[in-house]
>>> print(open('data_23.txt').read())   # compact mmCIF, C-alpha atoms
# COMPACT_ATOMS: atom_id res chain seq x y z
CA MET A 297 20.23 -4.81 -9.91
CA LYS A 298 18.04 -1.78 -10.43
CA TYR A 299 14.87 -3.85 -10.47
CA PHE A 300 15.98 -5.99 -7.57
CA SER A 301 16.28 -2.78 -5.54
CA LEU A 302 12.80 -1.82 -6.68
CA LEU A 303 11.47 -5.17 -5.53
CA VAL A 304 13.13 -4.89 -2.13
CA GLY A 305 11.81 -1.33 -1.77
CA CYS A 306 8.24 -2.41 -2.48
CA VAL A 307 8.47 -5.21 0.05
CA VAL A 308 9.86 -2.89 2.73
CA VAL A 309 7.09 -0.34 2.11
CA CYS A 310 4.44 -3.04 2.38
CA LEU A 311 5.89 -4.35 5.63
CA LEU A 312 6.04 -0.86 7.08
CA ASN A 313 2.41 -0.30 6.14
CA VAL A 314 1.38 -3.49 7.86
CA ALA A 315 3.42 -2.63 10.93
CA LEU A 316 2.03 0.88 11.17
CA VAL A 317 -1.58 -0.15 10.65
CA HIS A 318 -1.56 -3.11 12.97
CA ASP A 319 0.77 -2.10 15.75
CA ALA A 320 -2.07 -2.24 18.24
CA SER A 321 0.20 -2.53 21.24
CA ALA A 322 1.37 1.04 20.74
CA GLN A 323 -2.12 2.37 20.12
CA SER A 324 -3.52 4.74 22.69
CA ILE A 325 -6.96 3.84 24.00
CA SER A 326 -9.22 6.28 25.76
CA VAL A 327 -11.34 4.88 28.58
CA SER A 328 -13.97 7.21 29.98
CA ILE A 329 -16.64 6.81 32.60
CA ARG A 330 -19.69 8.77 33.56
CA THR A 331 -20.98 7.97 37.01
CA ILE A 332 -24.70 8.55 37.32
CA LYS A 333 -27.21 8.44 40.12
CA ALA A 334 -30.43 6.84 38.89
CA SER A 335 -33.47 7.33 41.10
CA ASN A 336 -37.18 7.77 41.03
CA GLN A 337 -37.00 11.15 42.71
CA GLY A 338 -37.83 13.73 40.06
CA THR A 339 -37.39 13.56 36.30
CA GLU A 340 -34.01 15.13 35.83
CA LEU A 341 -31.72 14.12 33.01
CA SER A 342 -28.32 15.76 33.08
CA PRO A 343 -27.53 17.34 29.68
CA VAL A 344 -24.23 15.48 29.44
CA LEU A 345 -26.21 12.24 29.35
CA ASN A 346 -28.31 13.13 26.33
CA ASP A 347 -26.29 10.87 24.00
CA ILE A 348 -27.04 7.81 26.15
CA SER A 349 -30.50 8.78 27.37
CA SER A 350 -32.19 6.03 25.37
CA GLN A 351 -29.89 3.45 26.91
CA LEU A 352 -30.40 4.78 30.45
CA LYS A 353 -34.16 4.80 30.12
CA ARG A 354 -34.09 1.04 29.73
CA LEU A 355 -33.25 0.97 33.46
CA ASN A 356 -36.75 2.33 34.23
CA TYR A 357 -35.73 5.13 36.58
CA SER A 358 -37.19 8.61 36.25
CA SER A 359 -34.13 10.66 37.08
CA TYR A 360 -30.53 10.41 35.93
CA THR A 361 -28.06 12.79 37.49
CA ILE A 362 -24.39 12.96 36.58
CA LEU A 363 -22.14 12.49 39.57
CA LYS A 364 -18.71 12.35 38.00
CA GLN A 365 -16.97 12.24 34.66
CA ALA A 366 -13.46 11.00 34.13
CA SER A 367 -11.31 9.86 31.25
CA GLN A 368 -7.91 8.22 31.04
CA GLN A 369 -5.59 7.13 28.30
CA GLY A 370 -3.92 3.75 28.27
CA GLN A 371 -2.29 1.21 26.03
CA GLN A 372 -2.72 -2.49 25.60
CA GLY A 373 -1.83 -4.33 28.80
CA GLN A 374 -2.15 -1.28 30.99
CA THR A 375 -4.69 -0.75 33.75
CA VAL A 376 -6.41 2.56 34.40
CA SER A 377 -8.12 3.26 37.68
CA PHE A 378 -11.11 5.42 38.61
CA SER A 379 -12.39 6.48 41.99
CA LEU A 380 -16.13 6.13 42.29
CA PRO A 381 -18.37 8.57 44.22
CA ASP A 382 -19.23 5.88 46.80
CA GLY A 383 -15.55 5.45 47.67
CA ASP A 384 -15.15 2.28 45.62
CA GLN A 385 -12.40 1.78 43.06
CA MET A 386 -12.90 0.69 39.51
CA MET A 387 -9.94 -0.70 37.59
CA VAL A 388 -10.07 -1.15 33.85
CA GLN A 389 -7.43 -3.32 32.26
CA ILE A 390 -7.01 -2.93 28.52
CA THR A 391 -6.37 -6.50 27.46
CA GLY A 392 -6.21 -5.90 23.73
CA ILE A 393 -7.66 -4.68 20.50
CA ASP A 394 -9.50 -7.12 18.28
CA GLY A 395 -10.44 -5.56 14.98
CA SER A 396 -12.87 -2.76 15.83
CA TYR A 397 -13.29 -3.98 19.40
CA VAL A 398 -11.42 -3.18 22.59
CA ASN A 399 -11.05 -6.00 25.07
CA LEU A 400 -11.44 -4.84 28.65
CA GLN A 401 -11.41 -6.39 32.07
CA VAL A 402 -13.32 -4.31 34.60
CA THR A 403 -12.99 -4.83 38.33
CA ILE A 404 -15.01 -2.95 40.91
CA LYS A 405 -13.16 -3.73 44.06
CA GLY A 406 -15.68 -3.06 46.84
CA ALA A 407 -18.62 -4.51 44.93
CA GLY A 408 -16.62 -7.62 44.18
CA LEU A 409 -17.41 -7.46 40.46
CA LYS A 410 -15.06 -8.74 37.82
CA THR A 411 -16.08 -8.92 34.20
CA ASN A 412 -14.43 -9.36 30.82
CA PHE A 413 -16.02 -7.97 27.71
CA ARG A 414 -15.34 -6.63 24.27
CA ILE A 415 -16.69 -3.24 23.41
CA VAL A 416 -16.87 -1.76 19.97
CA ASN A 417 -14.71 1.26 19.29
CA GLY A 418 -16.58 4.25 20.73
CA GLY A 419 -19.27 2.06 22.27
CA THR A 420 -20.76 2.31 25.76
CA VAL A 421 -21.67 -0.34 28.31
CA ILE A 422 -23.82 0.27 31.37
CA ILE A 423 -22.70 -1.17 34.70
CA GLY A 424 -24.76 -0.56 37.79
CA GLY A 425 -26.90 -1.73 40.64
CA ASN A 426 -25.01 -0.51 43.69
CA GLN A 427 -27.20 1.39 46.08
CA TYR A 428 -26.30 5.05 46.31
CA GLN A 429 -28.18 7.58 48.40
CA ASP A 430 -31.86 7.41 47.36
CA GLY A 431 -31.16 5.52 44.19
CA VAL A 432 -28.55 3.39 42.51
CA MET A 433 -25.19 4.17 41.02
CA VAL A 434 -24.80 3.58 37.30
CA ILE A 435 -21.54 3.69 35.39
CA ALA A 436 -21.54 4.35 31.66
CA LEU A 437 -18.17 3.11 30.45
CA SER A 438 -16.88 3.95 26.99
CA ALA A 439 -13.69 3.02 25.19
CA ALA A 440 -12.26 4.37 21.98
CA PHE A 441 -9.00 4.17 20.06
CA MET B 252 57.88 0.75 -82.08
CA GLU B 253 55.07 -1.75 -82.40
CA HIS B 254 52.81 -2.43 -79.38
CA ASP B 255 50.32 -5.17 -78.84
CA ASN B 256 46.72 -4.66 -77.71
CA GLU B 257 47.60 -5.33 -74.10
CA TYR B 258 49.81 -2.26 -74.08
CA PHE B 259 46.96 -0.10 -75.38
CA TYR B 260 44.58 -1.55 -72.81
CA GLU B 261 46.96 -0.38 -70.17
CA LEU B 262 47.07 3.05 -71.80
CA MET B 263 43.29 3.12 -71.91
CA SER B 264 43.11 2.25 -68.23
CA ALA B 265 45.69 4.86 -67.36
CA SER B 266 43.82 7.39 -69.45
CA LEU B 267 40.63 6.80 -67.56
CA ASP B 268 42.62 7.51 -64.39
CA ASN B 269 44.17 10.63 -65.94
CA GLU B 270 47.61 9.18 -65.49
CA LEU B 271 48.93 9.44 -69.04
CA THR B 272 51.69 11.71 -70.13
CA PRO B 273 50.93 13.94 -73.13
CA VAL B 274 53.08 11.68 -75.34
CA GLN B 275 51.25 8.56 -74.21
CA GLN B 276 47.89 10.29 -74.64
CA GLN B 277 48.79 11.23 -78.22
CA GLU B 278 49.90 7.68 -78.90
CA LEU B 279 46.62 6.32 -77.57
CA ASP B 280 44.55 8.81 -79.58
CA GLU B 281 46.32 7.79 -82.78
CA PHE B 282 45.77 4.11 -82.01
CA LEU B 283 42.06 4.59 -81.28
CA ALA B 284 41.59 6.66 -84.43
CA SER B 285 42.90 3.80 -86.48
CA ASN B 286 40.93 1.13 -84.56
CA PRO B 287 37.19 1.87 -84.40
CA ASN B 288 36.48 -1.25 -82.39
CA MET B 289 38.96 -0.24 -79.71
CA GLN B 290 37.54 3.30 -79.84
CA ALA B 291 34.08 1.96 -79.16
CA GLU B 292 35.35 -0.15 -76.31
CA PHE B 293 37.22 2.82 -74.84
CA ASP B 294 34.08 4.96 -75.08
CA GLU B 295 32.15 2.38 -73.11
CA LEU B 296 34.83 2.24 -70.47
CA SER B 297 34.92 6.03 -70.28
CA GLN B 298 31.16 6.20 -69.84
CA ALA B 299 31.22 3.58 -67.12
CA GLY B 300 34.12 5.34 -65.43
CA SER B 301 32.34 8.70 -65.45
CA LEU B 302 29.17 7.11 -64.00
CA MET B 303 31.12 5.57 -61.19
CA GLY B 304 32.92 8.83 -60.60
CA ASP B 305 29.60 10.69 -60.34
CA PHE B 306 28.23 8.07 -57.98
CA PHE B 307 31.16 8.31 -55.60
CA LYS B 308 31.11 12.11 -55.75
CA ASN B 309 27.43 12.16 -54.78
CA ALA B 310 27.95 9.58 -52.09
CA GLN B 311 30.84 11.56 -50.64
CA SER B 312 28.84 14.80 -50.55
CA THR B 313 25.79 13.20 -48.88
CA MET B 314 27.83 11.24 -46.34
CA GLU B 315 29.75 14.20 -45.02
CA ASN B 316 27.22 14.86 -42.26
CA VAL B 317 26.01 11.32 -41.81
CA SER B 318 27.62 8.79 -39.54
CA VAL B 319 28.82 5.53 -40.93
CA TRP B 320 26.28 3.62 -38.86
CA ASP B 321 23.41 5.75 -40.16
CA SER B 322 24.46 5.26 -43.72
CA ILE B 323 24.65 1.52 -43.13
CA SER B 324 21.36 1.39 -41.28
CA ASP B 325 19.73 3.22 -44.17
CA GLN B 326 20.66 0.30 -46.31
CA LEU B 327 19.46 -2.31 -43.84
CA PRO B 328 15.84 -2.45 -44.99
CA LYS B 329 17.08 -3.25 -48.45
CA ILE B 330 18.87 -6.28 -47.14
CA ASP B 331 16.96 -9.48 -46.81
CA THR B 332 16.22 -10.05 -43.13
CA PRO B 333 16.41 -13.51 -41.62
CA SER B 334 13.07 -15.20 -41.12
CA SER B 335 13.69 -16.07 -37.44
CA ARG B 336 13.16 -13.38 -34.78
CA ILE B 337 15.76 -12.47 -32.20
CA VAL B 338 14.45 -13.60 -28.78
CA VAL B 339 15.45 -11.52 -25.76
CA PRO B 340 16.26 -13.73 -22.76
CA PHE B 341 13.63 -13.73 -19.97
CA TYR B 342 15.90 -12.16 -17.36
CA LYS B 343 16.77 -9.28 -19.68
CA ARG B 344 13.21 -8.12 -20.23
CA ARG B 345 12.54 -4.89 -18.34
CA ALA B 346 8.75 -5.25 -18.32
CA THR B 347 9.05 -8.74 -16.90
CA TRP B 348 11.14 -7.55 -13.99
CA ILE B 349 8.84 -4.66 -13.15
CA SER B 350 5.68 -6.74 -13.31
CA SER B 351 7.34 -9.50 -11.28
CA ALA B 352 8.37 -7.01 -8.61
CA LEU B 353 4.88 -5.57 -8.36
CA ALA B 354 3.24 -8.99 -8.26
CA ALA B 355 5.61 -10.17 -5.55
CA SER B 356 4.93 -7.07 -3.48
CA VAL B 357 1.19 -7.52 -3.71
CA LEU B 358 1.44 -11.20 -2.78
CA ILE B 359 3.68 -10.50 0.20
CA PHE B 360 1.43 -7.70 1.41
CA PHE B 361 -1.69 -9.85 1.31
CA GLY B 362 0.20 -12.77 2.79
CA PHE B 363 1.14 -10.73 5.83
CA TYR B 364 -2.35 -9.28 6.03
CA LEU B 365 -3.92 -12.74 6.07
CA PHE B 366 -1.31 -14.02 8.51
CA ILE B 367 -2.00 -11.23 10.98
CA PHE B 368 -5.75 -11.62 10.81
CA SER B 369 -5.86 -15.40 10.58
CA ASN B 370 -6.80 -15.69 14.27
CA THR B 371 -9.21 -12.79 14.34
CA GLN B 372 -12.56 -13.83 15.65
CA TYR B 373 -15.69 -12.87 13.88
CA ASN B 374 -17.53 -10.07 15.58
CA GLU B 375 -21.15 -9.32 14.95
CA PRO B 376 -21.11 -5.88 13.39
CA ASN B 377 -24.22 -4.71 15.24
CA ASN B 378 -23.08 -5.95 18.62
CA THR B 379 -21.53 -3.04 20.45
CA CYS B 380 -20.56 -5.09 23.48
CA ILE B 381 -19.84 -8.79 23.93
CA VAL B 382 -19.67 -9.88 27.56
CA GLU B 383 -17.37 -12.87 27.93
CA SER B 384 -17.39 -13.44 31.68
CA VAL B 385 -18.86 -11.98 34.88
CA GLU B 386 -17.87 -12.82 38.43
CA SER B 387 -19.26 -11.31 41.61
CA GLU B 388 -18.41 -12.11 45.23
CA SER B 389 -21.25 -10.29 46.94
CA SER B 390 -24.23 -10.06 44.64
CA SER B 391 -26.07 -11.64 41.80
CA VAL B 392 -25.22 -10.21 38.45
CA MET B 393 -27.26 -10.30 35.30
CA VAL B 394 -26.35 -9.18 31.84
CA PHE B 395 -29.10 -7.58 29.78
CA LYS B 396 -29.05 -6.97 26.13
CA ASP B 397 -31.53 -4.53 24.65
CA THR B 398 -31.55 -5.05 20.94
CA ASN B 399 -33.68 -1.98 20.27
CA THR B 400 -31.13 0.44 21.65
CA ASN B 401 -28.21 -1.96 21.25
CA THR B 402 -27.48 -1.52 24.94
CA THR B 403 -25.59 -3.94 27.13
CA ILE B 404 -26.29 -3.63 30.86
CA ILE B 405 -24.36 -5.41 33.57
CA TRP B 406 -26.53 -5.15 36.64
CA MET B 407 -25.75 -6.13 40.22
CA PHE B 408 -28.75 -7.16 42.39
CA SER B 409 -29.10 -6.92 46.14
CA SER B 410 -25.84 -5.17 46.39
CA ALA B 411 -25.74 -3.75 49.86
CA PRO B 412 -22.97 -1.29 50.68
CA SER B 413 -19.87 -3.24 51.51
CA GLU B 414 -16.54 -2.46 53.07
CA GLY B 415 -15.00 0.65 51.64
CA ARG B 416 -18.21 1.93 50.17
CA THR B 417 -20.75 4.42 51.45
CA THR B 418 -24.29 5.13 50.39
CA SER B 419 -24.24 8.80 51.11
>>> encode(input="data_23.txt", output="structure tokens")
Amino acid sequence: MKYFSLLVGCVVVCLLNVALVHDASAQSISVSIRTIKASNQGTELSPVLNDISSQLKRLNYSSYTILKQASQQGQQGQTVSFSLPDGDQMMVQITGIDGSYVNLQVTIKGAGLKTNFRIVNGGTVIIGGNQYQDGVMVIALSAAF
Amino acid sequence: MEHDNEYFYELMSASLDNELTPVQQQELDEFLASNPNMQAEFDELSQAGSLMGDFFKNAQSTMENVSVWDSISDQLPKIDTPSSRIVVPFYKRRATWISSALAASVLIFFGFYLFIFSNTQYNEPNNTCIVESVESESSSVMVFKDTNTNTTIIWMFSSAPSEGRTTS
């Protein structure tokens, strides 16, 4: 009886470990955006964009100015919403976690864009192209859990 | 009164047990003095009796502080042991139960682990973003992948300001 209890205890501990490690539905995911104006007027690079400067430079603009930063927390199945500087609305639905990736569905309402992608934990994707003032609006979207 | 040898054997036995009366002891002494053979036999019995008495005295003194089981177990090695070993039943072995419990736990843990991840898709470790679908109502969209900086860019072309959006 003593060893049967030991066996049951080990099994329960293992199941709890699995449940705690893989309960992705209860995991909080941080979605953050940096809205940037990219233009060829000047050579400015906002200091807060230093970590993604190499990625932004692939867009071949000379100036990158931060317009807005925002971050929201959500869980699997939830949708977080961001207001963009041009009055548009960006909705990010957290569709799941797949290993080290976060599955997201991003909708930019006014621009009529809808995209599904998987982004690695802590990774950044660049979304842009909308005209804004004398340049274009670029969104650097990151997700982490 | 004449007595046969059997009578004197009884006296000899009683003498060894110190149970004779003085009269009987004198009678036995006189008989032995006149019978050297019986005297010799009595001496042998006396010697054997004293040896046994010493043995039991020693045994009694050494066993005072020793339990009966210990005194018996001391003698066990001197006893011929049976050639066949005593086999403990499988379900009574402690080590078997513990190792079985641990093995079962490990198997169950890995079983659940494999079950949970059985449908996990393989992700390229160096791919920070995997675009699965893109739809756009008002502009052409292209997806760029820069392998040098590991950058994924979703870019909308010819996207004029639409309803709800301003350019200034």
>>> residues_around(input="data_23.txt", residues="range 343-358 of chain A", least_positions_apart="5", cutoff="7 Å", atoms="all atoms listed in the file", output="short mmCIF file (atom, residue, chain, number, x, y, z; two decimals) with C-alpha atoms, in the coordinates of the input")
data_model
loop_
_atom_site.label_atom_id
_atom_site.label_comp_id
_atom_site.auth_asym_id
_atom_site.auth_seq_id
_atom_site.Cartn_x
_atom_site.Cartn_y
_atom_site.Cartn_z
CA ALA A 334 -30.43 6.84 38.89
CA SER A 335 -33.47 7.33 41.10
CA ASN A 336 -37.18 7.77 41.03
CA GLN A 337 -37.00 11.15 42.71
CA GLY A 338 -37.83 13.73 40.06
CA THR B 400 -31.13 0.44 21.65
CA THR B 402 -27.48 -1.52 24.94
#
>>> residues_around(input="data_23.txt", residues="Leu341 in chain A", least_positions_apart="3", cutoff="7 Å", atoms="all atoms listed in the file", output="list of chain:residue names")
A:Leu345, A:Ser359, A:Tyr360, A:Thr361
>>> closest_residue(input="data_23.txt", among="A:Val421, A:Ile390, A:Val376, A:Ile435", to="Thr379 in chain B", atoms="only C-alpha atoms")
A:Val421
>>> closest_residue(input="data_23.txt", among="A:Met387, A:Ile362, A:Ile329, A:Leu437", to="Gly408 in chain A", atoms="only C-alpha atoms")
A:Met387
>>> closest_residue(input="data_23.txt", among="A:Asn426, A:Ser367, A:Thr331, A:Thr420", to="Ser438 in chain A", atoms="only C-alpha atoms")
A:Thr420
>>> residues_near_point(input="data_23.txt", point="(38.6, 3.5, -75.7)", cutoff="12 Å", atoms="all atoms listed in the file", output="ChimeraX atom specification")
/B:256,259-267,276,279-300
>>> decode(input="data_23.txt", residues="range 346-380 of chain A", atoms="N, CA and C atoms", output="short mmCIF file (atom, residue, chain, number, x, y, z; two decimals), in the first residue's frame")
data_model
loop_
_atom_site.label_atom_id
_atom_site.label_comp_id
_atom_site.auth_asym_id
_atom_site.auth_seq_id
_atom_site.Cartn_x
_atom_site.Cartn_y
_atom_site.Cartn_z
N ASN A 346 16.69 51.68 -32.13
CA ASN A 346 18.05 51.17 -32.36
C ASN A 346 18.08 49.66 -32.50
N ASP A 347 17.26 48.95 -31.71
CA ASP A 347 17.31 47.48 -31.73
C ASP A 347 16.79 46.89 -33.03
N ILE A 348 16.01 47.68 -33.79
CA ILE A 348 15.50 47.16 -35.06
C ILE A 348 16.00 48.01 -36.24
N SER A 349 17.03 48.76 -36.02
CA SER A 349 17.52 49.67 -37.07
C SER A 349 17.96 48.89 -38.32
N SER A 350 18.60 47.74 -38.09
CA SER A 350 19.07 46.97 -39.26
C SER A 350 17.89 46.46 -40.08
N GLN A 351 16.80 46.13 -39.39
CA GLN A 351 15.61 45.65 -40.11
C GLN A 351 14.95 46.81 -40.87
N LEU A 352 14.88 47.98 -40.22
CA LEU A 352 14.22 49.12 -40.86
C LEU A 352 15.00 49.60 -42.09
N LYS A 353 16.30 49.50 -42.00
CA LYS A 353 17.11 50.01 -43.11
C LYS A 353 16.91 49.21 -44.39
N ARG A 354 16.36 48.03 -44.27
CA ARG A 354 16.06 47.24 -45.46
C ARG A 354 14.94 47.89 -46.28
N LEU A 355 14.22 48.85 -45.65
CA LEU A 355 13.13 49.53 -46.36
C LEU A 355 13.67 50.65 -47.26
N ASN A 356 14.94 50.99 -47.12
CA ASN A 356 15.60 51.99 -47.97
C ASN A 356 15.03 53.40 -47.82
N TYR A 357 14.67 53.77 -46.60
CA TYR A 357 14.35 55.16 -46.30
C TYR A 357 15.51 55.72 -45.50
N SER A 358 15.59 57.05 -45.47
CA SER A 358 16.73 57.66 -44.76
C SER A 358 16.39 58.06 -43.33
N SER A 359 15.12 58.21 -43.06
CA SER A 359 14.72 58.69 -41.74
C SER A 359 13.63 57.78 -41.16
N TYR A 360 13.78 57.50 -39.89
CA TYR A 360 12.79 56.67 -39.19
C TYR A 360 12.46 57.35 -37.86
N THR A 361 11.26 57.82 -37.76
CA THR A 361 10.85 58.59 -36.59
C THR A 361 9.74 57.85 -35.86
N ILE A 362 9.89 57.68 -34.58
CA ILE A 362 8.86 56.99 -33.80
C ILE A 362 7.63 57.90 -33.67
N LEU A 363 6.49 57.34 -33.92
CA LEU A 363 5.24 58.08 -33.79
C LEU A 363 4.49 57.68 -32.52
N LYS A 364 4.51 56.38 -32.25
CA LYS A 364 3.73 55.90 -31.11
C LYS A 364 4.26 54.54 -30.67
N GLN A 365 4.22 54.33 -29.38
CA GLN A 365 4.53 53.00 -28.83
C GLN A 365 3.36 52.55 -27.98
N ALA A 366 3.03 51.30 -28.06
CA ALA A 366 1.94 50.78 -27.23
C ALA A 366 2.17 49.29 -27.01
N SER A 367 1.67 48.83 -25.88
CA SER A 367 1.82 47.41 -25.56
C SER A 367 0.58 46.94 -24.81
N GLN A 368 0.15 45.74 -25.12
CA GLN A 368 -1.02 45.18 -24.42
C GLN A 368 -0.78 43.71 -24.13
N GLN A 369 -1.42 43.29 -23.06
CA GLN A 369 -1.33 41.88 -22.66
C GLN A 369 -2.62 41.16 -23.08
N GLY A 370 -2.45 39.94 -23.51
CA GLY A 370 -3.62 39.15 -23.86
C GLY A 370 -3.33 37.67 -23.69
N GLN A 371 -4.39 36.89 -23.78
CA GLN A 371 -4.24 35.44 -23.70
C GLN A 371 -4.73 34.81 -24.99
N GLN A 372 -4.49 33.54 -25.09
CA GLN A 372 -4.88 32.83 -26.30
C GLN A 372 -6.38 32.99 -26.56
N GLY A 373 -6.72 33.36 -27.79
CA GLY A 373 -8.11 33.56 -28.17
C GLY A 373 -8.58 34.99 -28.02
N GLN A 374 -7.82 35.80 -27.34
CA GLN A 374 -8.23 37.18 -27.14
C GLN A 374 -7.71 38.06 -28.28
N THR A 375 -8.36 39.22 -28.41
CA THR A 375 -7.95 40.19 -29.42
C THR A 375 -7.59 41.49 -28.73
N VAL A 376 -6.43 42.02 -29.07
CA VAL A 376 -6.04 43.32 -28.54
C VAL A 376 -6.07 44.32 -29.68
N SER A 377 -6.39 45.55 -29.33
CA SER A 377 -6.62 46.56 -30.37
C SER A 377 -5.70 47.76 -30.14
N PHE A 378 -5.23 48.34 -31.25
CA PHE A 378 -4.35 49.51 -31.17
C PHE A 378 -4.89 50.57 -32.13
N SER A 379 -4.85 51.79 -31.65
CA SER A 379 -5.19 52.92 -32.53
C SER A 379 -3.91 53.40 -33.20
N LEU A 380 -4.00 53.57 -34.52
CA LEU A 380 -2.82 54.00 -35.26
C LEU A 380 -2.85 55.51 -35.45
#
